[in-house]
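Undergrad: Coordinates in coords.cif, mmCIF, C-alpha atoms (C1' of nucleotides), are listed below.
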```cif
data_run
#
loop_
_atom_site.label_atom_id
_atom_site.label_comp_id
_atom_site.auth_asym_id
_atom_site.auth_seq_id
_atom_site.Cartn_x
_atom_site.Cartn_y
_atom_site.Cartn_z
CA MET Y 1 38.20 36.11 9.11
CA PRO Y 2 38.61 35.39 5.42
CA ARG Y 3 36.07 35.13 2.69
CA GLN Y 4 32.69 36.11 4.01
CA ARG Y 5 29.76 35.38 1.75
CA ASP Y 6 26.80 37.59 1.02
CA VAL Y 7 24.16 35.67 2.92
CA VAL Y 8 21.28 37.92 1.88
CA ALA Y 9 22.06 37.67 -1.82
CA GLN Y 10 22.38 33.91 -1.52
CA ARG Y 11 19.01 33.46 0.12
CA GLU Y 12 17.49 35.72 -2.48
CA LEU Y 13 19.05 33.69 -5.26
CA LEU Y 14 17.94 30.41 -3.78
CA SER Y 15 14.48 31.76 -3.00
CA ASN Y 16 13.93 32.70 -6.61
CA ALA Y 17 15.26 29.37 -7.81
CA THR Y 18 13.07 27.52 -5.33
CA TRP Y 19 9.97 29.35 -6.44
CA GLN Y 20 10.68 28.79 -10.12
CA VAL Y 21 11.13 25.08 -9.57
CA LEU Y 22 7.93 24.93 -7.54
CA ALA Y 23 5.97 26.78 -10.19
CA GLU Y 24 7.23 24.59 -13.02
CA ASP Y 25 7.40 21.09 -11.61
CA GLY Y 26 5.35 21.31 -8.46
CA LEU Y 27 6.36 20.22 -5.01
CA PRO Y 28 7.51 16.69 -5.93
CA GLY Y 29 9.96 18.27 -8.38
CA LEU Y 30 11.53 20.37 -5.64
CA THR Y 31 14.82 18.51 -5.27
CA LEU Y 32 18.11 19.93 -4.08
CA ARG Y 33 19.64 19.27 -7.47
CA ALA Y 34 16.81 21.02 -9.29
CA VAL Y 35 17.13 24.09 -7.09
CA ALA Y 36 20.90 24.10 -7.50
CA GLU Y 37 20.68 23.80 -11.27
CA ARG Y 38 18.08 26.56 -11.43
CA ALA Y 39 20.23 28.81 -9.23
CA GLY Y 40 23.34 28.12 -11.29
CA CYS Y 41 25.28 26.50 -8.48
CA THR Y 42 25.67 23.04 -7.00
CA THR Y 43 24.04 21.20 -4.14
CA GLY Y 44 26.99 22.21 -2.00
CA LEU Y 45 25.87 25.81 -1.80
CA VAL Y 46 22.27 24.81 -1.17
CA MET Y 47 23.28 22.52 1.66
CA HIS Y 48 25.38 25.29 3.19
CA ALA Y 49 22.55 27.80 2.96
CA PHE Y 50 19.94 25.36 4.29
CA PRO Y 51 21.09 22.68 6.70
CA THR Y 52 18.54 20.16 5.43
CA LYS Y 53 15.86 19.63 2.84
CA LYS Y 54 13.10 20.34 5.32
CA ALA Y 55 14.61 23.75 6.02
CA LEU Y 56 14.42 24.52 2.31
CA LEU Y 57 10.84 23.28 2.24
CA LEU Y 58 9.82 25.47 5.16
CA HIS Y 59 11.58 28.42 3.59
CA ALA Y 60 9.62 27.87 0.40
CA ARG Y 61 6.43 27.73 2.44
CA ASP Y 62 7.26 31.05 4.03
CA LEU Y 63 7.90 32.41 0.56
CA LEU Y 64 4.37 31.50 -0.46
CA TYR Y 65 2.93 33.15 2.62
CA GLU Y 66 4.92 36.33 2.06
CA ARG Y 67 3.72 36.64 -1.51
CA THR Y 68 0.06 36.22 -0.62
CA ALA Y 69 0.31 38.52 2.40
CA VAL Y 70 2.00 41.27 0.41
CA ARG Y 71 -0.65 41.13 -2.28
CA ALA Y 72 -3.46 41.08 0.25
CA ASP Y 73 -1.98 44.09 2.04
CA ALA Y 74 -1.71 45.96 -1.23
CA ALA Y 75 -5.28 45.13 -2.22
CA GLU Y 76 -6.57 46.27 1.15
CA ALA Y 77 -4.51 49.45 1.20
CA ALA Y 78 -5.77 50.46 -2.23
CA SER Y 79 -9.40 50.33 -1.13
CA VAL Y 80 -11.46 53.17 0.28
CA ASP Y 81 -13.90 51.36 2.55
CA ALA Y 82 -14.26 48.00 4.28
CA PHE Y 83 -16.49 46.43 1.66
CA GLY Y 84 -14.19 47.56 -1.12
CA ALA Y 85 -11.28 46.06 0.76
CA LEU Y 86 -13.16 42.80 1.26
CA ASP Y 87 -14.03 42.66 -2.42
CA ALA Y 88 -10.47 43.53 -3.44
CA VAL Y 89 -8.75 41.09 -1.10
CA LEU Y 90 -11.00 38.16 -1.96
CA GLY Y 91 -11.05 39.14 -5.61
CA GLN Y 92 -7.30 39.16 -5.98
CA ALA Y 93 -7.27 35.78 -4.25
CA VAL Y 94 -9.44 34.16 -6.91
CA ASP Y 95 -8.34 36.12 -9.96
CA LEU Y 96 -4.61 36.30 -9.50
CA PRO Y 97 -3.05 39.17 -11.41
CA HIS Y 98 0.17 39.40 -13.37
CA GLY Y 99 0.04 35.75 -14.32
CA HIS Y 100 0.53 34.63 -10.75
CA HIS Y 101 -1.79 31.76 -11.43
CA GLU Y 102 0.93 29.39 -10.32
CA GLU Y 103 0.44 30.35 -6.69
CA SER Y 104 -2.71 28.30 -6.51
CA ARG Y 105 -0.87 25.26 -7.79
CA VAL Y 106 1.93 25.74 -5.31
CA TRP Y 107 -0.61 26.26 -2.54
CA VAL Y 108 -2.34 22.98 -3.36
CA GLY Y 109 1.00 21.20 -3.32
CA PHE Y 110 1.89 22.52 0.10
CA LEU Y 111 -1.58 21.72 1.38
CA ALA Y 112 -1.24 18.10 0.33
CA ALA Y 113 2.22 17.90 1.84
CA ALA Y 114 0.94 19.44 5.07
CA LEU Y 115 -1.36 16.44 5.54
CA ALA Y 116 1.70 14.28 6.19
CA ASP Y 117 4.10 16.83 7.71
CA ASP Y 118 3.42 18.47 11.06
CA ALA Y 119 5.71 21.43 10.50
CA LEU Y 120 4.08 22.24 7.17
CA ALA Y 121 0.66 21.74 8.70
CA GLU Y 122 1.43 24.27 11.40
CA ARG Y 123 2.53 26.84 8.84
CA HIS Y 124 -0.59 26.22 6.81
CA ARG Y 125 -2.77 26.78 9.85
CA ALA Y 126 -0.91 29.95 10.77
CA ALA Y 127 -1.29 31.34 7.26
CA ASN Y 128 -4.96 30.40 7.10
CA HIS Y 129 -5.66 31.90 10.51
CA SER Y 130 -3.97 35.08 9.38
CA PHE Y 131 -6.17 35.20 6.30
CA LEU Y 132 -9.26 34.38 8.34
CA ALA Y 133 -8.47 37.17 10.80
CA ARG Y 134 -8.08 39.65 7.97
CA ILE Y 135 -11.40 38.72 6.39
CA ARG Y 136 -13.16 38.61 9.74
CA ARG Y 137 -11.94 42.10 10.58
CA LEU Y 138 -13.24 43.46 7.28
CA VAL Y 139 -16.57 41.66 7.62
CA ALA Y 140 -16.94 43.00 11.15
CA THR Y 141 -16.37 46.51 9.88
CA CYS Y 142 -19.05 46.01 7.23
CA ARG Y 143 -21.53 44.61 9.75
CA PRO Y 144 -20.66 45.95 13.22
CA LYS Y 145 -23.85 44.64 14.81
CA TRP Y 146 -23.40 41.01 13.87
CA THR Y 147 -22.82 38.40 16.55
CA ASP Y 148 -19.54 36.55 16.80
CA GLU Y 149 -21.20 33.37 15.56
CA ARG Y 150 -22.49 35.02 12.41
CA LEU Y 151 -19.16 36.74 11.86
CA GLU Y 152 -17.31 33.48 12.10
CA LEU Y 153 -19.72 31.58 9.88
CA THR Y 154 -19.66 34.22 7.17
CA THR Y 155 -15.91 34.62 7.31
CA LYS Y 156 -15.15 30.94 7.04
CA SER Y 157 -17.77 30.48 4.34
CA LEU Y 158 -16.18 33.21 2.26
CA VAL Y 159 -12.69 31.81 2.72
CA ALA Y 160 -13.84 28.28 1.95
CA LEU Y 161 -15.57 29.48 -1.21
CA VAL Y 162 -12.50 31.37 -2.37
CA GLU Y 163 -10.10 28.53 -1.65
CA GLY Y 164 -12.46 26.03 -3.21
CA LEU Y 165 -12.68 28.11 -6.37
CA ASN Y 166 -8.91 28.43 -6.41
CA VAL Y 167 -8.33 24.72 -5.99
CA LEU Y 168 -10.88 23.68 -8.57
CA ALA Y 169 -9.67 26.27 -11.05
CA ALA Y 170 -6.10 25.11 -10.64
CA ALA Y 171 -7.03 21.60 -11.72
CA ASP Y 172 -9.69 22.54 -14.28
CA PRO Y 173 -9.26 26.11 -15.54
CA ALA Y 174 -11.78 25.66 -18.34
CA ALA Y 175 -14.60 24.84 -15.94
CA TYR Y 176 -13.78 27.69 -13.56
CA PRO Y 177 -12.80 30.75 -15.60
CA ALA Y 178 -11.94 34.02 -13.85
CA ARG Y 179 -15.28 35.55 -14.73
CA LEU Y 180 -17.25 32.79 -13.08
CA GLN Y 181 -15.08 32.95 -9.99
CA LEU Y 182 -15.64 36.68 -9.65
CA ASP Y 183 -19.38 36.25 -10.19
CA ALA Y 184 -19.51 33.60 -7.51
CA LEU Y 185 -17.61 35.85 -5.14
CA ALA Y 186 -19.91 38.79 -5.90
CA LYS Y 187 -22.95 36.66 -5.13
CA ALA Y 188 -21.46 35.55 -1.83
CA LEU Y 189 -20.71 39.18 -0.92
CA THR Y 190 -24.28 40.33 -1.58
CA GLU Y 191 -25.30 40.29 2.07
CA LEU Y 192 -22.33 42.48 2.96
CA ARG Y 193 -22.78 45.16 0.32
CA PRO Y 194 -23.54 48.58 1.82
CA GLU Y 195 -26.99 50.20 1.52
CA PRO Y 196 -28.67 46.78 1.35
CA ALA Y 197 -32.03 48.19 0.28
CA MET D 198 -4.20 -24.89 -19.25
CA PRO D 199 -2.83 -25.13 -15.74
CA ARG D 200 -3.12 -22.88 -12.75
CA GLN D 201 -5.49 -20.06 -13.46
CA ARG D 202 -5.61 -17.31 -10.88
CA ASP D 203 -8.67 -15.59 -9.47
CA VAL D 204 -8.28 -12.21 -11.10
CA VAL D 205 -11.30 -10.67 -9.41
CA ALA D 206 -10.22 -11.66 -5.91
CA GLN D 207 -6.74 -10.35 -6.59
CA ARG D 208 -7.91 -6.94 -7.67
CA GLU D 209 -10.19 -6.79 -4.66
CA LEU D 210 -7.31 -7.67 -2.37
CA LEU D 211 -5.01 -5.13 -3.95
CA SER D 212 -7.72 -2.49 -4.03
CA ASN D 213 -8.25 -2.77 -0.29
CA ALA D 214 -4.54 -2.73 0.37
CA THR D 215 -4.09 0.28 -1.88
CA TRP D 216 -6.81 2.22 -0.12
CA GLN D 217 -5.48 1.40 3.33
CA VAL D 218 -2.02 2.60 2.36
CA LEU D 219 -3.47 5.78 0.90
CA ALA D 220 -5.54 6.46 4.01
CA GLU D 221 -2.61 5.94 6.36
CA ASP D 222 0.41 7.40 4.60
CA GLY D 223 -1.14 9.50 1.87
CA LEU D 224 -0.27 9.45 -1.80
CA PRO D 225 3.52 9.78 -1.40
CA GLY D 226 3.44 6.64 0.74
CA LEU D 227 1.78 4.67 -2.02
CA THR D 228 4.72 2.50 -3.07
CA LEU D 229 4.59 -0.94 -4.63
CA ARG D 230 6.28 -2.43 -1.59
CA ALA D 231 3.85 -0.76 0.81
CA VAL D 232 0.87 -2.10 -1.14
CA ALA D 233 2.42 -5.56 -1.33
CA GLU D 234 3.16 -5.67 2.38
CA ARG D 235 -0.36 -4.46 3.21
CA ALA D 236 -1.85 -7.10 0.90
CA GLY D 237 0.30 -9.85 2.37
CA CYS D 238 2.12 -10.62 -0.85
CA THR D 239 5.20 -9.38 -2.68
CA THR D 240 5.79 -6.86 -5.39
CA GLY D 241 5.74 -9.70 -7.89
CA LEU D 242 2.01 -10.14 -7.59
CA VAL D 243 1.40 -6.41 -7.72
CA MET D 244 3.46 -6.06 -10.87
CA HIS D 245 1.57 -8.93 -12.48
CA ALA D 246 -1.79 -7.42 -11.58
CA PHE D 247 -0.79 -3.92 -12.68
CA PRO D 248 1.74 -3.58 -15.47
CA THR D 249 3.20 -0.38 -14.05
CA LYS D 250 3.02 2.02 -11.14
CA LYS D 251 0.91 4.47 -13.05
CA ALA D 252 -1.69 1.78 -13.65
CA LEU D 253 -1.89 1.24 -9.90
CA LEU D 254 -2.17 4.98 -9.39
CA LEU D 255 -5.01 5.32 -11.87
CA HIS D 256 -6.74 2.32 -10.33
CA ALA D 257 -6.51 4.01 -6.92
CA ARG D 258 -7.99 7.17 -8.43
CA ASP D 259 -10.90 5.18 -9.81
CA LEU D 260 -11.32 3.67 -6.36
CA LEU D 261 -11.74 7.13 -4.87
CA TYR D 262 -14.30 8.06 -7.49
CA GLU D 263 -16.29 4.88 -6.95
CA ARG D 264 -16.49 5.46 -3.21
CA THR D 265 -17.70 9.02 -3.54
CA ALA D 266 -20.16 8.15 -6.30
CA VAL D 267 -21.64 5.27 -4.35
CA ARG D 268 -22.16 7.44 -1.28
CA ALA D 269 -23.64 10.26 -3.32
CA ASP D 270 -26.03 7.83 -5.01
CA ALA D 271 -27.10 6.46 -1.64
CA ALA D 272 -27.64 9.93 -0.19
CA GLU D 273 -29.71 10.97 -3.18
CA ALA D 274 -31.75 7.79 -3.22
CA ALA D 275 -32.62 8.13 0.46
CA SER D 276 -34.15 11.56 -0.04
CA VAL D 277 -37.75 12.38 -0.81
CA ASP D 278 -37.46 15.57 -2.85
CA ALA D 279 -34.86 17.46 -4.83
CA PHE D 280 -33.94 19.87 -2.06
CA GLY D 281 -33.58 17.04 0.41
CA ALA D 282 -31.36 15.24 -2.06
CA LEU D 283 -29.27 18.36 -2.57
CA ASP D 284 -28.90 18.83 1.16
CA ALA D 285 -28.08 15.16 1.68
CA VAL D 286 -25.56 14.87 -1.16
CA LEU D 287 -23.69 18.05 -0.25
CA GLY D 288 -24.02 17.31 3.46
CA GLN D 289 -22.46 13.87 3.21
CA ALA D 290 -19.68 15.44 1.17
CA VAL D 291 -18.67 17.83 3.95
CA ASP D 292 -19.51 15.69 6.97
CA LEU D 293 -18.25 12.31 5.94
CA PRO D 294 -19.93 9.50 7.85
CA HIS D 295 -18.53 6.32 9.33
CA GLY D 296 -15.15 7.87 9.90
CA HIS D 297 -14.53 8.27 6.18
CA HIS D 298 -12.75 11.49 6.93
CA GLU D 299 -9.71 10.12 5.16
CA GLU D 300 -11.34 10.53 1.77
CA SER D 301 -10.78 14.28 1.89
CA ARG D 302 -7.11 13.77 2.55
CA VAL D 303 -6.79 11.28 -0.28
CA TRP D 304 -8.70 13.64 -2.54
CA VAL D 305 -6.31 16.49 -1.81
CA GLY D 306 -3.38 14.23 -2.53
CA PHE D 307 -4.74 13.22 -5.90
CA LEU D 308 -5.62 16.81 -6.70
CA ALA D 309 -2.05 17.94 -6.08
CA ALA D 310 -0.71 15.04 -8.12
CA ALA D 311 -3.12 15.88 -10.95
CA LEU D 312 -1.42 19.27 -11.35
CA ALA D 313 1.67 17.49 -12.67
CA ASP D 314 0.10 14.41 -14.29
CA ASP D 315 -2.16 14.68 -17.30
CA ALA D 316 -3.81 11.30 -16.83
CA LEU D 317 -4.71 12.08 -13.23
CA ALA D 318 -5.87 15.55 -14.24
CA GLU D 319 -8.26 14.06 -16.77
CA ARG D 320 -9.73 11.72 -14.16
CA HIS D 321 -10.11 14.59 -11.75
CA ARG D 322 -11.98 16.63 -14.32
CA ALA D 323 -14.23 13.72 -15.20
CA ALA D 324 -15.08 13.11 -11.56
CA ASN D 325 -15.69 16.80 -10.91
CA HIS D 326 -17.88 17.15 -13.99
CA SER D 327 -19.88 14.17 -12.83
CA PHE D 328 -20.38 15.78 -9.44
CA LEU D 329 -21.20 19.12 -11.03
CA ALA D 330 -23.79 17.48 -13.29
CA ARG D 331 -25.43 15.80 -10.32
CA ILE D 332 -25.67 19.02 -8.32
CA ARG D 333 -26.84 21.00 -11.33
CA ARG D 334 -29.62 18.49 -12.01
CA LEU D 335 -30.83 18.75 -8.42
CA VAL D 336 -30.61 22.56 -8.40
CA ALA D 337 -32.54 22.67 -11.68
CA THR D 338 -35.26 20.55 -10.14
CA CYS D 339 -35.47 22.90 -7.17
CA ARG D 340 -35.62 25.99 -9.38
CA PRO D 341 -37.03 24.99 -12.81
CA LYS D 342 -37.39 28.58 -13.99
CA TRP D 343 -33.79 29.60 -13.51
CA THR D 344 -31.64 30.46 -16.51
CA ASP D 345 -28.69 28.32 -17.46
CA GLU D 346 -26.31 31.02 -16.30
CA ARG D 347 -27.81 31.20 -12.85
CA LEU D 348 -27.92 27.40 -12.66
CA GLU D 349 -24.25 27.14 -13.52
CA LEU D 350 -23.17 29.89 -11.15
CA THR D 351 -25.10 28.45 -8.22
CA THR D 352 -23.96 24.90 -8.93
CA LYS D 353 -20.30 25.75 -9.17
CA SER D 354 -20.52 28.04 -6.14
CA LEU D 355 -22.00 25.24 -4.07
CA VAL D 356 -19.41 22.74 -5.22
CA ALA D 357 -16.57 25.19 -4.63
CA LEU D 358 -17.85 25.91 -1.14
CA VAL D 359 -18.11 22.22 -0.30
CA GLU D 360 -14.71 21.33 -1.68
CA GLY D 361 -13.17 24.36 -0.02
CA LEU D 362 -14.63 23.36 3.33
CA ASN D 363 -13.39 19.83 2.80
CA VAL D 364 -9.89 20.91 1.92
CA LEU D 365 -9.56 23.40 4.75
CA ALA D 366 -11.03 20.96 7.25
CA ALA D 367 -8.61 18.27 6.16
CA ALA D 368 -5.65 20.48 7.01
CA ASP D 369 -7.16 22.22 10.05
CA PRO D 370 -10.01 20.20 11.58
CA ALA D 371 -10.18 22.38 14.68
CA ALA D 372 -10.96 25.51 12.69
CA TYR D 373 -13.57 23.81 10.51
CA PRO D 374 -15.61 21.43 12.67
CA ALA D 375 -18.47 19.45 11.16
CA ARG D 376 -21.06 21.72 12.73
CA LEU D 377 -19.63 24.83 11.11
CA GLN D 378 -19.38 23.12 7.76
CA LEU D 379 -23.02 22.08 7.91
CA ASP D 380 -24.07 25.58 8.98
CA ALA D 381 -22.15 27.09 6.09
CA LEU D 382 -23.80 24.66 3.71
CA ALA D 383 -27.25 25.41 5.11
CA LYS D 384 -26.68 29.12 4.63
CA ALA D 385 -25.60 28.58 1.03
CA LEU D 386 -28.71 26.48 0.40
CA THR D 387 -31.08 29.14 1.72
CA GLU D 388 -32.06 30.43 -1.69
CA LEU D 389 -32.96 26.91 -2.81
CA ARG D 390 -35.12 25.92 0.15
CA PRO D 391 -38.75 25.28 -0.85
CA GLU D 392 -41.57 27.63 0.20
CA PRO D 393 -39.29 30.65 0.40
CA ALA D 394 -42.13 32.72 1.93
"C1'" DT B 395 1.04 -40.39 -11.86
"C1'" DC B 396 3.45 -37.27 -14.45
"C1'" DC B 397 4.01 -33.46 -17.55
"C1'" DT B 398 3.26 -28.98 -18.97
"C1'" DT B 399 2.17 -24.37 -18.51
"C1'" DT B 400 1.05 -20.49 -15.96
"C1'" DC B 401 1.76 -17.96 -11.82
"C1'" DC B 402 4.39 -15.42 -8.41
"C1'" DG B 403 8.11 -15.00 -4.86
"C1'" DT B 404 13.18 -13.80 -4.94
"C1'" DA B 405 16.58 -10.98 -5.87
"C1'" DA B 406 19.02 -8.10 -8.44
"C1'" DC B 407 19.28 -3.86 -11.26
"C1'" DA B 408 19.64 1.18 -12.51
"C1'" DA B 409 18.17 5.63 -11.32
"C1'" DG B 410 17.23 9.24 -8.25
"C1'" DC B 411 17.00 11.01 -3.73
"C1'" DG B 412 19.06 13.51 0.64
"C1'" DT B 413 23.18 13.71 2.93
"C1'" DT B 414 28.16 13.85 3.99
"C1'" DA B 415 33.18 13.97 3.72
"C1'" DC B 416 36.84 15.96 1.48
"C1'" DC B 417 39.74 19.28 -0.48
"C1'" DG B 418 40.93 23.01 -3.71
"C1'" DT B 419 40.45 27.85 -3.59
"C1'" DA B 420 39.19 32.49 -3.03
"C1'" DG B 421 39.71 36.47 -0.18
"C1'" DC B 422 40.59 39.22 4.19
"C1'" DA B 423 44.24 40.17 7.91
"C1'" DT B 424 48.77 40.71 8.76
"C1'" DA N 425 52.87 39.51 -0.60
"C1'" DT N 426 51.59 35.75 2.10
"C1'" DG N 427 49.26 32.80 5.08
"C1'" DC N 428 45.09 31.30 7.23
"C1'" DT N 429 40.34 30.21 7.24
"C1'" DA N 430 35.77 29.75 5.76
"C1'" DC N 431 33.36 28.89 1.54
"C1'" DG N 432 31.60 25.82 -1.83
"C1'" DG N 433 32.37 22.50 -5.73
"C1'" DT N 434 33.16 17.31 -6.35
"C1'" DA N 435 32.12 13.00 -5.64
"C1'" DA N 436 30.83 9.46 -3.16
"C1'" DC N 437 27.68 7.07 0.21
"C1'" DG N 438 23.40 4.77 1.73
"C1'" DC N 439 18.80 4.43 0.95
"C1'" DT N 440 14.49 3.92 -1.49
"C1'" DT N 441 12.14 3.77 -5.64
"C1'" DG N 442 10.13 1.36 -9.99
"C1'" DT N 443 11.27 -2.26 -12.91
"C1'" DT N 444 12.91 -6.73 -14.63
"C1'" DA N 445 14.99 -11.46 -15.08
"C1'" DC N 446 14.82 -15.89 -13.31
"C1'" DG N 447 13.54 -20.02 -11.15
"C1'" DG N 448 10.63 -22.87 -8.11
"C1'" DA N 449 6.05 -24.38 -7.29
"C1'" DA N 450 1.29 -25.25 -7.98
"C1'" DA N 451 -2.56 -27.15 -10.61
"C1'" DG N 452 -5.23 -28.94 -14.50
"C1'" DG N 453 -4.92 -32.52 -18.50
"C1'" DA N 454 -2.92 -36.86 -20.18
#
```
Can you turn what I pasted into structure tokens?

TA:
Amino acid sequence: MPRQRDVVAQRELLSNATWQVLAEDGLPGLTLRAVAERAGCTTGLVMHAFPTKKALLLHARDLLYERTAVRADAAEAASVDAFGALDAVLGQAVDLPHGHHEESRVWVGFLAAALADDALAERHRAANHSFLARIRRLVATCRPKWTDERLELTTKSLVALVEGLNVLAAADPAAYPARLQLDALAKALTELRPEPA
Amino acid sequence: MPRQRDVVAQRELLSNATWQVLAEDGLPGLTLRAVAERAGCTTGLVMHAFPTKKALLLHARDLLYERTAVRADAAEAASVDAFGALDAVLGQAVDLPHGHHEESRVWVGFLAAALADDALAERHRAANHSFLARIRRLVATCRPKWTDERLELTTKSLVALVEGLNVLAAADPAAYPARLQLDALAKALTELRPEPA
DNA sequence: TCCTTTCCGTAACAAGCGTTACCGTAGCAT
DNA sequence: ATGCTACGGTAACGCTTGTTACGGAAAGGA
């Protein structure tokens, strides 16, 4: 059994290269040759690590989900109560730290691609349902007496507002600065703030 | 001076063909050959009507803007007061009538493309600023005493909510049905409803 | 009627894409 | 040390894309 490769290191290398290409040139710039050049190898290695282009695409989609989930977990874990967690999770979604502003752009690219690709659409729905469940759980903790209908409406309104802000800010940062996004979020969270009077 | 063509009819023909291709196959399916086949001609005519692909792309973007502007004008004109106009304009934006659900998908496609194309980005910003100005004018009429800051925050929050709902519904219609979108909009419009008690 | 000029279909081009076949080679087992 | 086998670089293929050159045809003016 000669010459075994380090599969983990390869996927890590290609994951980083994939993400860098996505961040720079967007989804239409994600070609096998671009990934290979960015990773310092050739298309041969890429095609051996991923059987097809779609596999690479789905892997990149999973990469996006992992990044957002990790950051959301961290934001929630660093909070002391449910409202703080809600504010932190939604806040880090609109005002992305550490210059991770590119995630919004990548997210928009995958969203557009999902409209014409069933596999990508399914991943998008799974990721969004995961995010919705997280927000719904936190909202329910803030307002235990609310009905399911009100929970659902509030949750999806909050998520829609956050994603809308993200999308619009990605295409027009000057019109949607971080401060305005956070103010808009704070206003939407008014009804959930503890000690409401 | 022999054989003059009907320029207006040609652009109308190609506009319809362009929109049909966009609605069916999305922006990546918008090729010169697809447009030509849909219009019942060849790429020769398309290339004589539009000097380059980018010209066709920008024309398609203008087409999207015209459609949304016309519908927004109609919704506003059919209303009796400012709040009714606000409700109607935002409502027709989330619950697109006459099966014009495809506009959201096309919009997402152009938005993603705008992230890597300056010309498309400029058109997106112009269209969004136009929409923002319309909503802000209506909000200002509903609440004449509000400060500019509050006007801007409310306007951009409403627009972000509507676009967020649109985007999420385009990718996951089951999770964001028309009824929920309208409920979310109604909740967001609560503070602007006349006779607040 | 015929000529001229504009229009547009035809077909080819180069470039870029995903994909595949091929083969040199690097490294573990003997 | 040597041979075997999987790895991966090279290069080509087929396809689609935008773009362009060319020629036939259609229509208004003489």

Undergrad: For chain Y, which residue among N:DT443, N:DG448, N:DG427, N:DG453 is the nearest when counting only C-alpha atoms (C1' of nucleotides)?

TA: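 So, comparing all the options, the nearest one is N:DG427.
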
Undergrad: Atom CA of His297 of chain D and atom CA of Arg264 of chain D are how many Å apart?

TA: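 Separation between atom CA of His297 of chain D and atom CA of Arg264 of chain D: 10.0 Å.
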
Undergrad: Taking all atoms listed in the file into account, what are the residues of chain B at most 12 Å from chain D, put as a PyMOL selection string?

TA: chain B and resi 397-405

Undergrad: What residues in chain Y have any atom no more than 6 Å from chain D when counting all atoms listed in the file, and can you write them as a list in words?

TA: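 Listed by rising number, the hits are Val108, Gly109, Ala112, Ser157, Ala160, Leu161, Glu163, Gly164, Leu165 and Ala184 of chain Y.
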
Undergrad: Name the residues captured by the PyMOL selection byres ((chain N) within 8 of (chain Y)) when it is applied to the shown file; answer as a ChimeraX atom specification.

TA: /N:428-433

Undergrad: At most 12 Å from (20.6, 26.0, 1.3), file frame, all atoms listed in the file: which residues, as a JSON list (two decimals) with C-alpha atoms (C1' of nucleotides), in the frame of the given file?

TA:
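Saved the output as result_0.json:
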```
[["chain", "number", "residue", "atom", "x", "y", "z"],
["Y", 7, "VAL", "CA", 24.16, 35.67, 2.92],
["Y", 8, "VAL", "CA", 21.28, 37.92, 1.88],
["Y", 10, "GLN", "CA", 22.38, 33.91, -1.52],
["Y", 11, "ARG", "CA", 19.01, 33.46, 0.12],
["Y", 12, "GLU", "CA", 17.49, 35.72, -2.48],
["Y", 13, "LEU", "CA", 19.05, 33.69, -5.26],
["Y", 14, "LEU", "CA", 17.94, 30.41, -3.78],
["Y", 15, "SER", "CA", 14.48, 31.76, -3.00],
["Y", 17, "ALA", "CA", 15.26, 29.37, -7.81],
["Y", 18, "THR", "CA", 13.07, 27.52, -5.33],
["Y", 31, "THR", "CA", 14.82, 18.51, -5.27],
["Y", 32, "LEU", "CA", 18.11, 19.93, -4.08],
["Y", 33, "ARG", "CA", 19.64, 19.27, -7.47],
["Y", 35, "VAL", "CA", 17.13, 24.09, -7.09],
["Y", 36, "ALA", "CA", 20.90, 24.10, -7.50],
["Y", 39, "ALA", "CA", 20.23, 28.81, -9.23],
["Y", 41, "CYS", "CA", 25.28, 26.50, -8.48],
["Y", 42, "THR", "CA", 25.67, 23.04, -7.00],
["Y", 43, "THR", "CA", 24.04, 21.20, -4.14],
["Y", 44, "GLY", "CA", 26.99, 22.21, -2.00],
["Y", 45, "LEU", "CA", 25.87, 25.81, -1.80],
["Y", 46, "VAL", "CA", 22.27, 24.81, -1.17],
["Y", 47, "MET", "CA", 23.28, 22.52, 1.66],
["Y", 48, "HIS", "CA", 25.38, 25.29, 3.19],
["Y", 49, "ALA", "CA", 22.55, 27.80, 2.96],
["Y", 50, "PHE", "CA", 19.94, 25.36, 4.29],
["Y", 51, "PRO", "CA", 21.09, 22.68, 6.70],
["Y", 52, "THR", "CA", 18.54, 20.16, 5.43],
["Y", 53, "LYS", "CA", 15.86, 19.63, 2.84],
["Y", 54, "LYS", "CA", 13.10, 20.34, 5.32],
["Y", 55, "ALA", "CA", 14.61, 23.75, 6.02],
["Y", 56, "LEU", "CA", 14.42, 24.52, 2.31],
["Y", 57, "LEU", "CA", 10.84, 23.28, 2.24],
["Y", 58, "LEU", "CA", 9.82, 25.47, 5.16],
["Y", 59, "HIS", "CA", 11.58, 28.42, 3.59],
["Y", 60, "ALA", "CA", 9.62, 27.87, 0.40],
["N", 432, "DG", "C1'", 31.60, 25.82, -1.83]]
```

Undergrad: Could you check how far atom CA of Ala266 of chain D sits from atom CA of Asn213 of chain D, in Å to one decimal?

TA: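 Atom-to-atom, atom CA of Ala266 of chain D and atom CA of Asn213 of chain D are spaced 17.2 Å apart.
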
Undergrad: Using Å and a single decimal, report how far atom CA of Leu329 of chain D sits from atom CA of Phe131 of chain Y.

TA: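 Between atom CA of Phe131 of chain Y and atom CA of Leu329 of chain D the gap works out to 28.0 Å.
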
Undergrad: Using only C-alpha atoms (C1' of nucleotides), determine which residues lie at most 10 Å from DC439 of chain N, disregarding the query and same-chain residues fewer than 2 positions distant; provide the list as a list in words.

TA: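 So the residues in contact are DC411 and DG412 of chain B; DC437 and DT441 of chain N.
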
Undergrad: Quick one: residues within 8 Å of segment 333-335 of chain D, all atoms listed in the file, excluding same-chain residues fewer than 2 positions away - as a list in words?

TA: Ala279, Phe280, Ala282, Leu283, Leu329, Ala330, Arg331, Ala337, Thr338, Cys339, Leu348, Glu349 and Thr352 of chain D
